[in-house]
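Visitor: Starting off with a structure, shown below.
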Amino acid sequence: MLSFDEFADVVDDEMNLLPDYAFDELNGGVVVDERPLLHPARVSDDLYILGTYTSDPVLGKQVRIYYGSFTATMSTQSDEAVRRQIRETLRHEFQHHLETRAGMFGKDSLVEEDRRRLSNYFRQHLGAWNARTTSIRYGDEKKKPSGE
């Protein structure tokens, strides 16, 4: 596994590959956080968040990449695999930033894709999960699973 400094260098390298407009209005910048972040709605301690995009009136718009989550989930992976996942995660969070700036929150947005992934996680962990009666808590709003 990459050291924290090596990890941060890879994040910087990947940021340098993004077009300048991707950083417009990203006034909170990109932060590499040493801590792991477990998803608050997890069924067990197996759902780590690798990155987040937040838009806060005080902190601004910010991308955060969690080194601790990478070490928890990828400790046995090659450095190249970790680099690929950093690239994917960083681009994922920047896509959230760009979609938020464009006002895209509909069914084809990345927010909806993330909700579908979380719904699949619950289906896998809860087996015969009843999608008709179970709500998923995601962010600050309650959402019914897709298909209703």
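Identifiers for the structure tokens are assigned positionally: chains receive A, B, ... in sequence, residues are indexed from 1 per chain, and ligands are indexed from 1 in the order shown.
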Taking 6 positions as the minimum chain separation for residues in the same chain, which residues sit within 7 Å of Val32 in chain A when counting only C-alpha atoms? Answer as a ChimeraX atom specification.

Guide: /A:8,64-67

Visitor: List the neighbours of range 37-39 of chain A out to 12 Å using only C-alpha atoms; skip same-chain residues closer than 3 positions along the sequence, and give me the result as a PDB file with C-alpha atoms, in the first residue's frame.

Guide:
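Once everything was written out, this is selection_29.pdb:
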ATOM      1  CA  ASP A  33      -7.851  12.871   4.653  1.00  0.00           C
ATOM      2  CA  GLU A  34      -5.881  10.251   6.608  1.00  0.00           C
ATOM      3  CA  ARG A  42     -23.795   0.332   6.513  1.00  0.00           C
ATOM      4  CA  VAL A  43     -25.053  -3.086   7.563  1.00  0.00           C
ATOM      5  CA  SER A  44     -21.635  -4.088   8.908  1.00  0.00           C
ATOM      6  CA  ASP A  45     -18.175  -2.559   8.951  1.00  0.00           C
ATOM      7  CA  ASP A  46     -17.587  -3.256   5.264  1.00  0.00           C
ATOM      8  CA  LEU A  47     -18.887  -0.176   3.452  1.00  0.00           C
ATOM      9  CA  TYR A  48     -16.139   2.435   3.310  1.00  0.00           C
ATOM     10  CA  ILE A  49     -16.490   5.748   1.537  1.00  0.00           C
ATOM     11  CA  LEU A  50     -13.426   6.435  -0.611  1.00  0.00           C
ATOM     12  CA  GLY A  51     -14.298  10.017  -1.476  1.00  0.00           C
ATOM     13  CA  THR A  52     -16.911  12.681  -0.938  1.00  0.00           C
ATOM     14  CA  ARG A  64     -12.265  14.833   0.032  1.00  0.00           C
ATOM     15  CA  ILE A  65     -10.365  11.588  -0.616  1.00  0.00           C
ATOM     16  CA  TYR A  66     -10.045   9.204   2.362  1.00  0.00           C
ATOM     17  CA  TYR A  67      -6.637   7.565   2.548  1.00  0.00           C
ATOM     18  CA  GLY A  68      -7.770   5.493   5.550  1.00  0.00           C
ATOM     19  CA  SER A  69     -10.646   4.025   3.527  1.00  0.00           C
ATOM     20  CA  PHE A  70      -8.234   3.058   0.770  1.00  0.00           C
ATOM     21  CA  THR A  71      -5.915   1.350   3.259  1.00  0.00           C
ATOM     22  CA  ALA A  72      -8.867  -0.471   4.839  1.00  0.00           C
ATOM     23  CA  THR A  73     -10.170  -1.779   1.506  1.00  0.00           C
ATOM     24  CA  LEU A 118     -26.400   1.604  -2.053  1.00  0.00           C
ATOM     25  CA  TYR A 121     -25.485  -3.180  -1.204  1.00  0.00           C
ATOM     26  CA  ARG A 137     -31.543   6.853   4.445  1.00  0.00           C
ATOM     27  CA  TYR A 138     -29.219   8.702   2.067  1.00  0.00           C
ATOM     28  CA  GLY A 139     -27.805  12.074   2.981  1.00  0.00           C
TER      29      GLY A 139
END

Visitor: Apply DSSP to the structure's backbone, then extract all residues of chain A labelled helix (DSSP H, G or I) and return them as JSON, numbers by chain.

Guide: {"A": [4, 5, 6, 7, 8, 9, 10, 11, 12, 13, 14, 15, 16, 20, 21, 22, 23, 67, 68, 69, 70, 71, 72, 73, 74, 79, 80, 81, 82, 83, 84, 85, 86, 87, 88, 89, 90, 91, 92, 93, 94, 95, 96, 97, 98, 99, 100, 101, 102, 110, 111, 112, 113, 114, 115, 116, 117, 118, 119, 120, 121, 122, 123, 124, 125, 126]}

Visitor: One decimal, in Å: what's the spacing between CA of Asp79 in chain A and CA of Gln95 in chain A?

Guide: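 Calculated distance between CA of Asp79 in chain A and CA of Gln95 in chain A is 24.1 Å.
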
Visitor: Rounded to one decimal, what separation in Å do you get between CA of Tyr53 in chain A and CA of Phe94 in chain A?

Guide: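 Separating CA of Tyr53 in chain A from CA of Phe94 in chain A is a distance of 7.5 Å.
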
Visitor: I want to know what sits within 12 Å of Glu99 in chain A, based on only C-alpha atoms, with residues of the same chain fewer than 4 positions away left out; could you give that as number ranges by chain?

Guide: A: 22, 53, 91-95, 103-106, 108-112

Visitor: I need the residues from that last selection saved to file as a short mmCIF file (atom, residue, chain, number, x, y, z; two decimals), in the first residue's frame (with N, CA and C atoms), if you can.

Guide:
data_model
loop_
_atom_site.label_atom_id
_atom_site.label_comp_id
_atom_site.auth_asym_id
_atom_site.auth_seq_id
_atom_site.Cartn_x
_atom_site.Cartn_y
_atom_site.Cartn_z
N ALA A 22 -12.87 22.15 -14.44
CA ALA A 22 -13.37 21.24 -13.40
C ALA A 22 -13.19 21.83 -12.01
N TYR A 53 -17.94 14.49 -2.12
CA TYR A 53 -18.06 15.85 -2.62
C TYR A 53 -19.09 16.52 -1.74
N ARG A 91 -12.24 11.25 -10.10
CA ARG A 91 -13.11 11.64 -11.22
C ARG A 91 -14.59 11.51 -10.85
N HIS A 92 -14.91 10.52 -10.06
CA HIS A 92 -16.29 10.36 -9.58
C HIS A 92 -16.72 11.59 -8.78
N GLU A 93 -15.87 12.03 -7.86
CA GLU A 93 -16.21 13.18 -7.03
C GLU A 93 -16.26 14.47 -7.85
N PHE A 94 -15.38 14.60 -8.82
CA PHE A 94 -15.44 15.77 -9.69
C PHE A 94 -16.69 15.74 -10.56
N GLN A 95 -17.15 14.56 -10.93
CA GLN A 95 -18.41 14.47 -11.68
C GLN A 95 -19.56 14.97 -10.81
N GLY A 103 -26.79 21.69 -12.04
CA GLY A 103 -28.15 21.45 -11.55
C GLY A 103 -28.70 20.09 -11.94
N MET A 104 -27.83 19.13 -12.16
CA MET A 104 -28.26 17.79 -12.57
C MET A 104 -28.48 16.91 -11.34
N PHE A 105 -29.74 16.64 -11.04
CA PHE A 105 -30.07 15.78 -9.90
C PHE A 105 -31.11 14.74 -10.28
N GLY A 106 -31.38 14.59 -11.56
CA GLY A 106 -32.43 13.70 -12.02
C GLY A 106 -32.02 12.25 -12.09
N ASP A 108 -30.75 10.39 -14.30
CA ASP A 108 -29.50 10.01 -14.96
C ASP A 108 -28.27 10.58 -14.27
N SER A 109 -28.46 11.17 -13.09
CA SER A 109 -27.33 11.79 -12.41
C SER A 109 -26.51 10.77 -11.62
N LEU A 110 -25.32 11.18 -11.25
CA LEU A 110 -24.44 10.34 -10.45
C LEU A 110 -25.03 10.13 -9.05
N VAL A 111 -25.76 11.09 -8.54
CA VAL A 111 -26.43 10.93 -7.24
C VAL A 111 -27.37 9.74 -7.29
N GLU A 112 -28.12 9.62 -8.36
CA GLU A 112 -29.03 8.48 -8.52
C GLU A 112 -28.26 7.18 -8.69
#
